[in-house]
file my_file_17.tsv (TSV, C-alpha atoms)
chain	number	residue	atom	x	y	z
A	6	MET	CA	0.00	0.00	0.00
A	7	MET	CA	1.41	3.35	-1.00
A	8	ALA	CA	1.17	6.43	1.14
A	9	VAL	CA	-1.01	9.24	-0.20
A	10	GLN	CA	1.04	12.20	-1.36
A	11	GLU	CA	0.36	15.82	-0.55
A	12	LEU	CA	-2.28	17.59	-2.61
A	13	GLY	CA	-0.91	18.91	-5.84
A	14	GLU	CA	1.44	16.00	-6.28
A	15	VAL	CA	0.67	12.99	-8.37
A	16	ARG	CA	-1.08	10.32	-6.38
A	17	GLN	CA	-0.86	6.67	-7.11
A	18	VAL	CA	-3.88	4.44	-7.40
A	19	ALA	CA	-4.66	2.90	-4.03
A	20	VAL	CA	-4.43	-0.87	-3.68
A	21	PRO	CA	-7.39	-2.10	-1.63
A	22	ARG	CA	-6.85	-3.97	1.59
A	23	SER	CA	-9.01	-6.92	2.50
A	24	ARG	CA	-12.65	-6.09	3.13
A	25	VAL	CA	-12.47	-7.17	6.76
A	26	GLU	CA	-9.84	-4.54	7.52
A	27	TYR	CA	-12.23	-1.84	6.33
A	28	GLU	CA	-15.05	-3.43	8.30
A	29	ASP	CA	-12.98	-3.38	11.48
A	30	PHE	CA	-12.09	0.24	10.88
A	31	LEU	CA	-15.70	1.30	10.28
A	32	TYR	CA	-16.95	-0.69	13.29
A	33	LEU	CA	-14.47	1.37	15.29
A	34	GLU	CA	-15.87	4.54	13.73
A	35	SER	CA	-19.41	3.50	14.71
A	36	ALA	CA	-18.30	2.68	18.24
A	37	LEU	CA	-16.62	6.06	18.69
A	38	LEU	CA	-19.84	7.80	17.61
A	39	ASP	CA	-22.04	5.59	19.80
A	40	GLN	CA	-19.76	6.38	22.73
A	41	TRP	CA	-19.68	10.12	21.94
A	42	ARG	CA	-15.88	10.02	21.65
A	43	LEU	CA	-16.09	12.76	19.06
A	44	ASP	CA	-12.52	14.06	19.22
A	45	GLU	CA	-11.20	10.59	18.49
A	46	TRP	CA	-13.77	10.21	15.73
A	47	TYR	CA	-12.63	13.49	14.15
A	48	GLU	CA	-9.06	12.21	14.10
A	49	LEU	CA	-10.16	9.51	11.65
A	50	PHE	CA	-10.60	12.17	8.93
A	51	THR	CA	-7.98	13.60	6.60
A	52	PRO	CA	-7.52	17.40	6.37
A	53	ASP	CA	-9.07	17.38	2.86
A	54	SER	CA	-12.04	15.27	3.88
A	55	VAL	CA	-15.76	15.92	3.54
A	56	TYR	CA	-18.74	14.65	5.49
A	57	GLU	CA	-21.95	15.03	3.50
A	58	VAL	CA	-25.64	14.26	3.84
A	59	PRO	CA	-27.59	15.26	0.70
A	60	THR	CA	-31.32	15.76	0.86
A	61	MET	CA	-33.40	12.65	0.30
A	62	GLY	CA	-34.13	11.36	-3.17
A	63	LYS	CA	-30.98	12.77	-4.77
A	64	GLY	CA	-28.53	10.71	-6.81
A	65	LEU	CA	-24.91	10.16	-5.88
A	66	GLU	CA	-23.77	12.76	-8.42
A	67	VAL	CA	-25.33	15.68	-6.50
A	68	GLN	CA	-22.84	18.28	-5.28
A	69	PRO	CA	-23.19	20.80	-2.44
A	70	ASP	CA	-22.05	23.82	-4.47
A	71	ASN	CA	-25.15	23.46	-6.59
A	72	ALA	CA	-27.75	21.83	-4.39
A	73	LEU	CA	-28.98	22.22	-0.84
A	74	PHE	CA	-27.68	19.51	1.50
A	75	TYR	CA	-28.58	18.68	5.07
A	76	VAL	CA	-24.86	18.54	5.85
A	77	ALA	CA	-21.88	19.48	3.67
A	78	ASP	CA	-18.95	19.80	6.05
A	79	ASP	CA	-15.38	20.24	5.02
A	80	TYR	CA	-12.75	19.39	7.63
A	81	ARG	CA	-13.00	22.85	9.19
A	82	ARG	CA	-16.77	22.93	9.61
A	83	LEU	CA	-16.65	19.33	10.80
A	84	SER	CA	-14.39	20.45	13.65
A	85	HIS	CA	-17.01	23.06	14.57
A	86	ARG	CA	-19.71	20.38	14.45
A	87	VAL	CA	-17.69	18.33	16.93
A	88	THR	CA	-17.14	21.39	19.13
A	89	ARG	CA	-20.85	22.15	19.03
A	90	LEU	CA	-21.91	18.63	19.96
A	91	LYS	CA	-19.66	18.67	23.01
A	92	LYS	CA	-21.35	21.79	24.41
A	93	PRO	CA	-24.26	21.75	26.86
A	94	THR	CA	-25.80	24.46	24.68
A	95	ALA	CA	-26.26	21.97	21.81
A	96	HIS	CA	-29.71	21.53	23.30
A	97	ALA	CA	-30.92	18.82	20.93
A	98	GLU	CA	-28.04	16.60	22.04
A	99	TRP	CA	-27.54	17.62	25.65
A	100	PRO	CA	-27.87	15.42	27.55
A	101	HIS	CA	-26.55	13.24	24.75
A	102	SER	CA	-29.02	10.91	23.10
A	103	VAL	CA	-28.36	7.19	23.15
A	104	THR	CA	-27.40	5.89	19.73
A	105	VAL	CA	-26.84	2.47	18.20
A	106	ARG	CA	-25.27	2.26	14.76
A	107	MET	CA	-25.50	-0.89	12.65
A	108	ILE	CA	-23.46	-1.11	9.45
A	109	SER	CA	-23.39	-4.01	7.02
A	110	ASN	CA	-23.38	-5.10	3.34
A	111	PHE	CA	-19.86	-3.79	2.78
A	112	ARG	CA	-18.71	-3.65	-0.82
A	113	ILE	CA	-15.39	-2.42	-2.12
A	114	GLU	CA	-16.55	-0.60	-5.23
A	115	SER	CA	-13.37	0.74	-6.78
A	116	ALA	CA	-9.98	2.28	-6.11
A	117	ASP	CA	-8.31	5.28	-7.68
A	118	GLU	CA	-5.83	8.00	-6.80
A	119	ARG	CA	-8.25	9.42	-4.23
A	120	GLY	CA	-8.43	6.15	-2.32
A	121	VAL	CA	-10.57	3.06	-1.97
A	122	HIS	CA	-14.30	3.57	-2.47
A	123	LEU	CA	-16.47	1.46	-0.27
A	124	ALA	CA	-20.24	1.30	0.21
A	125	CYS	CA	-22.28	-0.08	3.08
A	126	SER	CA	-25.79	-0.03	4.47
A	127	PHE	CA	-26.60	1.52	7.81
A	128	THR	CA	-29.29	1.72	10.43
A	129	THR	CA	-28.84	4.28	13.17
A	130	TYR	CA	-31.15	4.36	16.17
A	131	ARG	CA	-31.32	7.48	18.31
A	132	SER	CA	-33.18	7.37	21.59
A	133	LYS	CA	-34.18	10.36	23.69
A	134	HIS	CA	-37.26	11.52	25.62
A	135	HIS	CA	-38.75	7.98	25.41
A	136	ILE	CA	-38.74	8.14	21.60
A	137	THR	CA	-36.47	6.06	19.39
A	138	ASP	CA	-35.87	7.49	15.94
A	139	THR	CA	-34.48	5.44	13.09
A	140	TYR	CA	-32.26	6.65	10.26
A	141	ILE	CA	-31.54	4.24	7.43
A	142	GLY	CA	-29.65	4.37	4.14
A	143	HIS	CA	-26.31	3.81	2.49
A	144	ILE	CA	-22.93	5.29	3.28
A	145	TYR	CA	-20.28	5.86	0.63
A	146	TYR	CA	-16.77	6.09	2.00
A	147	THR	CA	-13.48	6.97	0.42
A	148	LEU	CA	-10.77	5.54	2.63
A	149	VAL	CA	-7.03	6.11	2.38
A	150	ASP	CA	-3.88	4.83	3.95
A	151	VAL	CA	-1.95	7.51	5.79
A	152	ASP	CA	1.35	6.21	7.07
A	153	GLY	CA	-0.11	2.75	7.51
A	154	ASP	CA	-3.35	3.84	9.19
A	155	LEU	CA	-6.76	3.98	7.56
A	156	ARG	CA	-8.35	7.41	7.32
A	157	ILE	CA	-11.61	8.78	5.93
A	158	ARG	CA	-11.36	11.15	2.99
A	159	ARG	CA	-15.07	11.15	2.24
A	160	LYS	CA	-18.15	10.02	4.10
A	161	ARG	CA	-21.36	10.56	2.22
A	162	VAL	CA	-24.59	9.44	3.85
A	163	MET	CA	-27.44	8.81	1.41
A	164	LEU	CA	-30.59	8.58	3.51
A	165	GLY	CA	-32.86	5.77	2.36
A	166	MET	CA	-35.96	7.50	3.63
A	167	ASN	CA	-38.56	9.63	1.88
A	168	SER	CA	-39.23	11.88	4.85
A	169	LEU	CA	-37.39	13.18	7.89
A	170	GLN	CA	-40.48	12.39	9.93
A	171	PRO	CA	-40.66	11.51	12.71
A	172	PRO	CA	-37.27	12.82	13.93
A	173	GLY	CA	-37.66	16.15	12.13
A	174	LYS	CA	-33.96	16.83	12.43
A	175	ILE	CA	-30.50	15.33	12.06
A	176	SER	CA	-28.92	16.42	15.31
A	177	ILE	CA	-26.43	13.55	15.58
A	178	ILE	CA	-23.59	12.59	13.27
A	179	LEU	CA	-24.88	9.78	11.10
B	22	MET	CA	-46.79	30.84	13.74
B	23	ASN	CA	-48.30	31.71	17.07
B	24	ASN	CA	-45.31	32.30	19.35
B	25	ASN	CA	-42.10	33.44	17.69
B	26	ASP	CA	-39.65	35.50	19.67
B	27	GLY	CA	-36.52	37.50	19.08
B	28	PHE	CA	-34.83	36.72	22.38
B	29	HIS	CA	-34.21	33.00	22.18
B	30	ALA	CA	-31.35	33.26	19.69
B	31	SER	CA	-28.38	33.95	21.96
B	32	GLU	CA	-29.21	31.05	24.30
B	33	THR	CA	-30.87	28.56	21.97
B	34	HIS	CA	-28.31	29.11	19.24
B	35	GLU	CA	-25.20	29.66	21.33
B	36	THR	CA	-23.34	26.97	19.41
B	37	TYR	CA	-24.13	28.57	16.04
B	38	PHE	CA	-23.09	32.04	17.18
B	39	GLY	CA	-20.00	30.57	18.81
B	40	TYR	CA	-19.06	29.11	15.42
B	41	LEU	CA	-19.92	32.28	13.49
B	42	ILE	CA	-18.05	34.64	15.79
B	43	ASP	CA	-15.07	32.31	15.80
B	44	GLU	CA	-15.06	32.35	11.98
B	45	LEU	CA	-15.31	36.15	12.01
B	46	GLY	CA	-12.20	36.42	14.18
B	47	GLY	CA	-13.49	36.38	17.75
B	48	PRO	CA	-15.76	38.58	19.90
B	49	GLU	CA	-13.67	41.73	19.40
B	50	ALA	CA	-14.22	41.49	15.63
B	51	VAL	CA	-18.01	41.83	16.01
B	52	ASP	CA	-19.72	45.04	17.15
B	53	LEU	CA	-22.87	43.55	18.68
B	54	LYS	CA	-23.86	46.89	20.19
B	55	ALA	CA	-23.93	48.62	16.80
B	56	LEU	CA	-25.92	45.72	15.33
B	57	ASP	CA	-28.43	45.98	18.19
B	58	GLU	CA	-29.38	49.55	17.22
B	59	ILE	CA	-31.74	47.98	14.73
B	60	ASN	CA	-34.14	45.97	16.83
B	61	PHE	CA	-37.85	46.45	16.24
B	62	ALA	CA	-41.13	44.60	16.04
B	63	HIS	CA	-43.82	45.83	13.66
B	64	ASP	CA	-47.47	44.87	14.05
B	65	LEU	CA	-48.70	44.64	10.45
B	66	GLY	CA	-52.36	44.17	11.39
B	67	ASN	CA	-54.67	41.16	10.95
B	68	GLY	CA	-52.34	39.01	13.08
B	69	HIS	CA	-49.29	39.49	10.89
B	70	ALA	CA	-46.07	40.89	12.35
B	71	VAL	CA	-42.42	41.23	11.50
B	72	VAL	CA	-39.32	41.48	13.67
B	73	GLU	CA	-36.53	43.59	12.21
B	74	THR	CA	-32.95	43.18	13.44
B	75	ARG	CA	-29.35	42.99	12.31
B	76	ALA	CA	-27.37	39.86	13.16
B	77	PRO	CA	-23.62	39.29	12.72
B	78	TRP	CA	-24.09	36.75	9.91
B	79	GLY	CA	-23.80	37.60	6.23
B	80	ARG	CA	-26.86	38.02	4.02
B	81	PRO	CA	-26.62	36.65	0.49
B	82	ILE	CA	-28.72	39.68	-0.62
B	83	ALA	CA	-26.83	41.68	0.40
B	84	ARG	CA	-24.67	42.17	3.45
B	85	SER	CA	-21.25	40.61	3.20
B	86	ILE	CA	-19.00	39.52	6.05
B	87	PRO	CA	-15.18	39.54	6.03
B	88	THR	CA	-14.98	35.77	5.51
B	89	TRP	CA	-16.64	36.28	2.11
B	90	GLY	CA	-13.60	38.24	0.98
B	91	GLU	CA	-13.26	40.86	-1.74
B	92	GLU	CA	-15.53	38.94	-4.07
B	93	GLY	CA	-18.30	38.92	-1.46
B	94	LYS	CA	-17.89	42.61	-0.82
B	95	ALA	CA	-18.00	43.39	-4.55
B	96	ALA	CA	-21.12	41.25	-4.97
B	97	GLU	CA	-22.79	43.14	-2.12
B	98	LYS	CA	-21.96	46.47	-3.75
B	99	ARG	CA	-23.34	45.34	-7.12
B	100	MET	CA	-26.58	44.11	-5.58
B	101	VAL	CA	-27.11	47.19	-3.37
B	102	THR	CA	-26.45	49.51	-6.33
B	103	GLU	CA	-28.97	47.61	-8.45
B	104	LEU	CA	-31.55	47.62	-5.64
B	105	THR	CA	-31.04	51.34	-4.95
B	106	GLU	CA	-31.60	52.21	-8.60
B	107	ARG	CA	-34.69	50.04	-8.78
B	108	VAL	CA	-36.50	50.72	-5.48
B	109	GLY	CA	-34.71	53.72	-3.93
B	110	PRO	CA	-32.27	53.86	-1.03
B	111	ASP	CA	-34.74	53.30	1.83
B	112	ARG	CA	-36.24	50.10	0.50
B	113	ALA	CA	-32.86	48.93	-0.74
B	114	LEU	CA	-31.54	49.26	2.82
B	115	LYS	CA	-34.49	47.25	4.19
B	116	ILE	CA	-34.08	44.54	1.57
B	117	ALA	CA	-30.31	44.21	1.72
B	118	ASP	CA	-29.30	45.07	5.25
B	119	ARG	CA	-32.12	44.04	7.58
B	120	ASP	CA	-32.87	40.63	8.98
B	121	LEU	CA	-36.62	40.08	8.90
B	122	ASN	CA	-38.59	37.32	10.58
B	123	MET	CA	-42.19	37.64	9.50
B	124	GLY	CA	-45.18	35.72	10.77
B	125	VAL	CA	-48.08	35.57	8.33
B	126	PHE	CA	-51.28	34.73	10.21
B	127	PRO	CA	-51.99	31.99	11.02
B	128	ASN	CA	-49.44	29.34	9.95
B	129	HIS	CA	-46.81	30.78	7.65
B	130	VAL	CA	-43.36	32.24	8.32
B	131	ILE	CA	-40.88	33.99	6.08
B	132	ASN	CA	-37.36	34.12	7.52
B	133	ASP	CA	-35.38	36.62	5.46
B	134	ILE	CA	-32.17	36.29	7.43
B	135	LEU	CA	-28.87	34.57	6.53
B	136	ALA	CA	-30.82	32.94	3.69
B	137	ILE	CA	-34.50	33.10	2.89
B	138	THR	CA	-36.79	30.30	3.90
B	139	VAL	CA	-40.55	30.01	3.69
B	140	ARG	CA	-42.13	27.68	6.17
B	141	THR	CA	-45.64	26.40	6.69
B	142	PHE	CA	-46.96	24.87	9.90
B	143	TYR	CA	-49.88	22.47	9.87
B	144	PRO	CA	-51.01	21.05	13.19
B	145	THR	CA	-52.25	17.53	12.55
B	146	ALA	CA	-52.93	16.58	16.17
B	147	PRO	CA	-52.69	18.43	19.51
B	148	ASP	CA	-49.09	17.25	19.88
B	149	LEU	CA	-48.03	16.90	16.25
B	150	MET	CA	-47.19	19.53	13.66
B	151	THR	CA	-46.03	19.16	10.07
B	152	VAL	CA	-43.45	21.79	9.16
B	153	ARG	CA	-42.51	22.28	5.52
B	154	SER	CA	-39.64	24.50	4.54
B	155	TRP	CA	-38.55	25.92	1.20
B	156	ALA	CA	-35.34	27.74	0.30
B	157	LEU	CA	-35.72	30.82	-1.88
B	158	ALA	CA	-33.08	31.81	-4.41
B	159	PRO	CA	-32.82	34.56	-7.00
B	160	VAL	CA	-33.00	33.79	-10.71
B	161	GLY	CA	-29.61	34.03	-12.39
B	162	GLU	CA	-27.66	33.56	-9.16
B	163	ALA	CA	-23.87	33.59	-9.58
B	164	PRO	CA	-22.09	30.34	-8.56
B	165	GLU	CA	-20.18	32.04	-5.68
B	166	ALA	CA	-23.38	33.64	-4.38
B	167	ARG	CA	-25.18	30.31	-4.59
B	168	HIS	CA	-22.43	28.60	-2.64
B	169	ARG	CA	-22.60	31.23	0.12
B	170	ARG	CA	-26.38	31.04	0.29
B	171	LEU	CA	-26.44	27.23	0.42
B	172	ASN	CA	-23.76	27.20	3.11
B	173	ASN	CA	-25.64	29.75	5.20
B	174	PHE	CA	-28.86	27.81	4.78
B	175	LEU	CA	-27.52	24.46	5.85
B	176	GLU	CA	-25.38	25.84	8.66
B	177	PHE	CA	-28.33	27.45	10.40
B	178	LEU	CA	-31.74	26.80	8.85
B	179	GLY	CA	-31.49	23.22	7.68
B	180	PRO	CA	-32.53	20.23	9.82
B	181	GLY	CA	-28.88	19.14	10.00
B	182	GLY	CA	-27.54	22.59	10.81
B	183	PHE	CA	-26.12	24.14	13.95
B	184	ALA	CA	-29.35	25.90	14.95
B	185	THR	CA	-32.68	24.46	13.78
B	186	PRO	CA	-32.30	21.11	15.64
B	187	ASP	CA	-32.14	23.13	18.84
B	188	ASP	CA	-35.29	25.05	17.86
B	189	VAL	CA	-37.02	21.71	17.38
B	190	GLU	CA	-35.78	20.62	20.80
B	191	ALA	CA	-37.04	23.86	22.38
B	192	ILE	CA	-40.47	23.58	20.76
B	193	GLU	CA	-40.80	19.95	21.84
B	194	SER	CA	-39.72	20.89	25.38
B	195	ALA	CA	-42.33	23.65	25.42
B	196	GLN	CA	-44.93	21.15	24.22
B	197	ARG	CA	-44.08	18.85	27.14
B	198	GLY	CA	-44.54	21.84	29.41
B	199	TYR	CA	-47.96	22.56	27.93
B	200	GLY	CA	-48.96	19.12	29.17
B	201	SER	CA	-49.52	20.85	32.50
B	202	ALA	CA	-51.90	23.42	30.97
B	203	LYS	CA	-54.70	22.10	33.14
B	204	PHE	CA	-52.90	23.51	36.17
B	205	ALA	CA	-51.47	26.66	34.55
B	206	PRO	CA	-53.70	27.54	31.61
B	207	TRP	CA	-51.90	30.71	30.58
B	208	ASN	CA	-48.77	31.96	28.92
B	209	ASP	CA	-47.21	35.32	29.83
B	210	ILE	CA	-46.43	37.25	26.66
B	211	SER	CA	-46.49	40.75	28.14
B	212	ARG	CA	-42.85	41.53	27.52
B	213	GLY	CA	-42.37	45.11	26.28
B	214	MET	CA	-46.09	45.82	26.51
B	215	LEU	CA	-45.58	49.35	27.80
B	216	ARG	CA	-42.86	50.30	25.35
B	217	GLU	CA	-43.96	52.83	22.75
B	218	THR	CA	-41.94	51.24	19.93
B	219	PRO	CA	-41.63	47.52	20.63
B	220	ARG	CA	-38.21	45.96	20.27
B	221	GLY	CA	-37.53	42.77	18.36
B	222	ASP	CA	-36.90	41.00	21.65
B	223	ASP	CA	-40.25	42.09	23.08
B	224	GLU	CA	-43.37	40.04	22.48
B	225	ALA	CA	-45.49	42.42	20.40
B	226	GLN	CA	-45.54	40.00	17.47
B	227	MET	CA	-47.03	37.28	19.67
B	228	ARG	CA	-49.72	39.62	20.96
B	229	ALA	CA	-50.52	40.57	17.35
B	230	PHE	CA	-51.11	36.89	16.60
B	231	TRP	CA	-53.20	36.08	19.67
B	232	ARG	CA	-55.37	39.19	19.43
B	233	GLU	CA	-56.31	38.19	15.91
B	234	TRP	CA	-56.82	34.60	17.04
B	235	ASN	CA	-59.13	35.77	19.80
B	236	ARG	CA	-61.01	38.07	17.47
B	237	ARG	CA	-61.66	35.25	15.02
B	238	MET	CA	-62.27	32.43	17.49
B	239	GLU	CA	-64.15	34.25	20.19
B	240	GLY	CA	-65.39	37.39	18.49
B	241	GLU	CA	-63.53	39.68	20.87
call {"tool": "encode", "arguments": {"input": "my_file_17.tsv", "output": "structure tokens"}}
result
Amino acid sequence: MMAVQELGEVRQVAVPRSRVEYEDFLYLESALLDQWRLDEWYELFTPDSVYEVPTMGKGLEVQPDNALFYVADDYRRLSHRVTRLKKPTAHAEWPHSVTVRMISNFRIESADERGVHLACSFTTYRSKHHITDTYIGHIYYTLVDVDGDLRIRRKRVMLGMNSLQPPGKISIIL
Amino acid sequence: MNNNDGFHASETHETYFGYLIDELGGPEAVDLKALDEINFAHDLGNGHAVVETRAPWGRPIARSIPTWGEEGKAAEKRMVTELTERVGPDRALKIADRDLNMGVFPNHVINDILAITVRTFYPTAPDLMTVRSWALAPVGEAPEARHRRLNNFLEFLGPGGFATPDDVEAIESAQRGYGSAKFAPWNDISRGMLRETPRGDDEAQMRAFWREWNRRMEGE
């Protein structure tokens, strides 16, 4: 596996690892979110990463410079999202909700100079005020090797729902 | 919308303003006192009302902030010049510079703030309300302007933003409180009642709504 070069330099096409290595890595990501270890979760991202949640019913080609997203964080805004969610004034998530994330159906789709592209299905349960909300859909990751460690360059959550009811909001990180 | 207020923002949206002010360069980079000189509520009659303020965020049409750079400043100037020629300086100022939260009786809100959203509110049960929200954009919007507007919208107004989820939480908390209405069947919305010109953080806009409600429902 070749290390990813700095932006602006020529990158080599990533050679995928075994699927189970990605699964282990993404189970860790889910665990960090379920445990609200958000600083450690943020460390999984590369400085040129994006975390995106398009509105429902859009295709994978949709881009946030031309369409309204629920979430379109670059690395900088993602750090602010983490900061926000750690504050008692993030009222929707303080006290923190209880969440359970299930991910499955992993598929390594392709690999290029940006990294290895991997898709999976997810179900995220969020419980608060005696109500358990469910978010379902597919997540598209671009994962890279940085000095031997896996990192997230892109996490795009495609909600497989046709309405945000009943939660009415996406106050957690999906 | 029956009870919208101008005073919840600093507490309910502390995390958003923390982010914004950080991006703008810290508290000393923002003159909150100067912004607060514009702070009014206008009763428009028939239950409609609008709160007029100035917040530290940028307005796509048209009040730029330093983080939008020279291009943002130039875009603001172009838009304000065009508006001034078309509608005169007073209306141009209102359109470009003022943040307006307007309640249209009985179930419609236009938030002309860091982006423009139109929302409808349909109660479908005593404890359930369907909220629909649209984003408004100008025809022929430049790509940079669109990017700024979309960013502003999703950062604050969208259901995955840094603000609206906390509004939802607040409204749902209030609803749980109303469960005790049997024992406290009233809501104090007298704030600023004696002030000649109501401020945006008074409650004149709520009284405008409820007076019209009473007139229609009870003939008072």
call {"tool": "closest_atom_pairs", "arguments": {"input": "my_file_17.tsv", "of": "chain B", "to": "chain A", "cutoff": "8 Å", "atoms": "all atoms listed in the file", "output": "JSON lines"}}
result
{"residue": "B:Glu32", "atom": "CA", "partner": "A:Thr94", "partner_atom": "CA", "distance": 7.4}
{"residue": "B:Thr33", "atom": "CA", "partner": "A:Thr94", "partner_atom": "CA", "distance": 7.1}
{"residue": "B:His34", "atom": "CA", "partner": "A:Thr94", "partner_atom": "CA", "distance": 7.6}
{"residue": "B:Glu35", "atom": "CA", "partner": "A:Thr94", "partner_atom": "CA", "distance": 6.2}
{"residue": "B:Thr36", "atom": "CA", "partner": "A:Arg89", "partner_atom": "CA", "distance": 5.4}
{"residue": "B:Tyr37", "atom": "CA", "partner": "A:Arg89", "partner_atom": "CA", "distance": 7.8}
{"residue": "B:Tyr40", "atom": "CA", "partner": "A:His85", "partner_atom": "CA", "distance": 6.4}
{"residue": "B:Pro164", "atom": "CA", "partner": "A:Asp70", "partner_atom": "CA", "distance": 7.7}
{"residue": "B:Arg167", "atom": "CA", "partner": "A:Asn71", "partner_atom": "CA", "distance": 7.1}
{"residue": "B:His168", "atom": "CA", "partner": "A:Asp70", "partner_atom": "CA", "distance": 5.1}
{"residue": "B:Leu171", "atom": "CA", "partner": "A:Leu73", "partner_atom": "CA", "distance": 5.8}
{"residue": "B:Asn172", "atom": "CA", "partner": "A:Ala77", "partner_atom": "CA", "distance": 8.0}
{"residue": "B:Phe174", "atom": "CA", "partner": "A:Leu73", "partner_atom": "CA", "distance": 7.9}
{"residue": "B:Leu175", "atom": "CA", "partner": "A:Tyr75", "partner_atom": "CA", "distance": 5.9}
{"residue": "B:Glu176", "atom": "CA", "partner": "A:Val76", "partner_atom": "CA", "distance": 7.8}
{"residue": "B:Gly179", "atom": "CA", "partner": "A:Tyr75", "partner_atom": "CA", "distance": 6.0}
{"residue": "B:Pro180", "atom": "CA", "partner": "A:Lys174", "partner_atom": "CA", "distance": 4.5}
{"residue": "B:Gly181", "atom": "CA", "partner": "A:Ile175", "partner_atom": "CA", "distance": 4.6}
{"residue": "B:Gly182", "atom": "CA", "partner": "A:Val76", "partner_atom": "CA", "distance": 6.9}
{"residue": "B:Phe183", "atom": "CA", "partner": "A:Arg86", "partner_atom": "CA", "distance": 7.4}
{"residue": "B:Thr185", "atom": "CA", "partner": "A:Lys174", "partner_atom": "CA", "distance": 7.9}
{"residue": "B:Pro186", "atom": "CA", "partner": "A:Lys174", "partner_atom": "CA", "distance": 5.6}
{"residue": "B:Asp187", "atom": "CA", "partner": "A:Ala97", "partner_atom": "CA", "distance": 4.9}
{"residue": "B:Val189", "atom": "CA", "partner": "A:Lys174", "partner_atom": "CA", "distance": 7.6}
{"residue": "B:Glu190", "atom": "CA", "partner": "A:Ala97", "partner_atom": "CA", "distance": 5.2}
{"residue": "B:Ala191", "atom": "CA", "partner": "A:His96", "partner_atom": "CA", "distance": 7.7}
call {"tool": "residues_around", "arguments": {"input": "my_file_17.tsv", "residues": "B:Asp222", "least_positions_apart": "5", "cutoff": "12 Å", "atoms": "only C-alpha atoms", "output": "number ranges by chain"}}
result
B: 25-31, 57, 59-63, 71-74, 122, 210-214, 216, 227
call {"tool": "closest_residue", "arguments": {"input": "my_file_17.tsv", "among": "A:Ile141, A:Leu65, A:Leu49, A:Met107", "to": "A:Asp154", "atoms": "all atoms listed in the file"}}
result
A:Leu49
call {"tool": "residues_around", "arguments": {"input": "my_file_17.tsv", "residues": "stretch 154-162 of chain B", "least_positions_apart": "4", "cutoff": "6 Å", "atoms": "all atoms listed in the file", "output": "list in words"}}
result
Ile137, Thr138, Val139 and Arg140 of chain B
call {"tool": "atom_distance", "arguments": {"input": "my_file_17.tsv", "atom1": "atom CA of A:Glu66", "atom2": "atom CA of B:Trp89"}}
result
26.7 Å
call {"tool": "atom_distance", "arguments": {"input": "my_file_17.tsv", "atom1": "atom CA of A:Ser168", "atom2": "atom CA of B:Ala184"}}
result
19.9 Å
call {"tool": "residues_around", "arguments": {"input": "my_file_17.tsv", "residues": "A:Arg119", "least_positions_apart": "6", "cutoff": "8 Å", "atoms": "all atoms listed in the file", "output": "PyMOL selection string"}}
result
chain A and resi 16+18-19+147+149
call {"tool": "closest_residue", "arguments": {"input": "my_file_17.tsv", "among": "B:Arg236, B:Glu193, B:Glu217, B:Glu165", "to": "B:Glu92", "atoms": "only C-alpha atoms"}}
result
B:Glu165
call {"tool": "closest_residue", "arguments": {"input": "my_file_17.tsv", "among": "B:Ala195, B:Thr105, B:Ile42, B:Arg119", "to": "B:Thr88", "atoms": "only C-alpha atoms"}}
result
B:Ile42
call {"tool": "atom_distance", "arguments": {"input": "my_file_17.tsv", "atom1": "atom CA of B:Arg220", "atom2": "atom CA of B:Leu41"}}
result
23.8 Å
call {"tool": "residues_around", "arguments": {"input": "my_file_17.tsv", "residues": "A:Ser109", "least_positions_apart": "2", "cutoff": "6 Å", "atoms": "only C-alpha atoms", "output": "list in words"}}
result
Phe111, Cys125 and Ser126 of chain A
call {"tool": "residues_near_point", "arguments": {"input": "my_file_17.tsv", "point": "(-25.4, 46.7, -5.6)", "cutoff": "12 Å", "atoms": "all atoms listed in the file", "output": "list in words"}}
result
Pro81, Ile82, Ala83, Arg84, Ser85, Gly93, Lys94, Ala95, Ala96, Glu97, Lys98, Arg99, Met100, Val101, Thr102, Glu103, Leu104, Thr105, Glu106, Arg107, Val108, Gly109, Pro110, Ala113, Leu114, Ile116, Ala117 and Asp118 of chain B
call {"tool": "write_last_selection", "arguments": {"input": "my_file_17.tsv", "atoms": "C-alpha atoms", "output": "tab-separated table (two decimals), keeping the file's coordinate frame"}}
result
chain	number	residue	atom	x	y	z
B	81	PRO	CA	-26.62	36.65	0.49
B	82	ILE	CA	-28.72	39.68	-0.62
B	83	ALA	CA	-26.83	41.68	0.40
B	84	ARG	CA	-24.67	42.17	3.45
B	85	SER	CA	-21.25	40.61	3.20
B	93	GLY	CA	-18.30	38.92	-1.46
B	94	LYS	CA	-17.89	42.61	-0.82
B	95	ALA	CA	-18.00	43.39	-4.55
B	96	ALA	CA	-21.12	41.25	-4.97
B	97	GLU	CA	-22.79	43.14	-2.12
B	98	LYS	CA	-21.96	46.47	-3.75
B	99	ARG	CA	-23.34	45.34	-7.12
B	100	MET	CA	-26.58	44.11	-5.58
B	101	VAL	CA	-27.11	47.19	-3.37
B	102	THR	CA	-26.45	49.51	-6.33
B	103	GLU	CA	-28.97	47.61	-8.45
B	104	LEU	CA	-31.55	47.62	-5.64
B	105	THR	CA	-31.04	51.34	-4.95
B	106	GLU	CA	-31.60	52.21	-8.60
B	107	ARG	CA	-34.69	50.04	-8.78
B	108	VAL	CA	-36.50	50.72	-5.48
B	109	GLY	CA	-34.71	53.72	-3.93
B	110	PRO	CA	-32.27	53.86	-1.03
B	113	ALA	CA	-32.86	48.93	-0.74
B	114	LEU	CA	-31.54	49.26	2.82
B	116	ILE	CA	-34.08	44.54	1.57
B	117	ALA	CA	-30.31	44.21	1.72
B	118	ASP	CA	-29.30	45.07	5.25
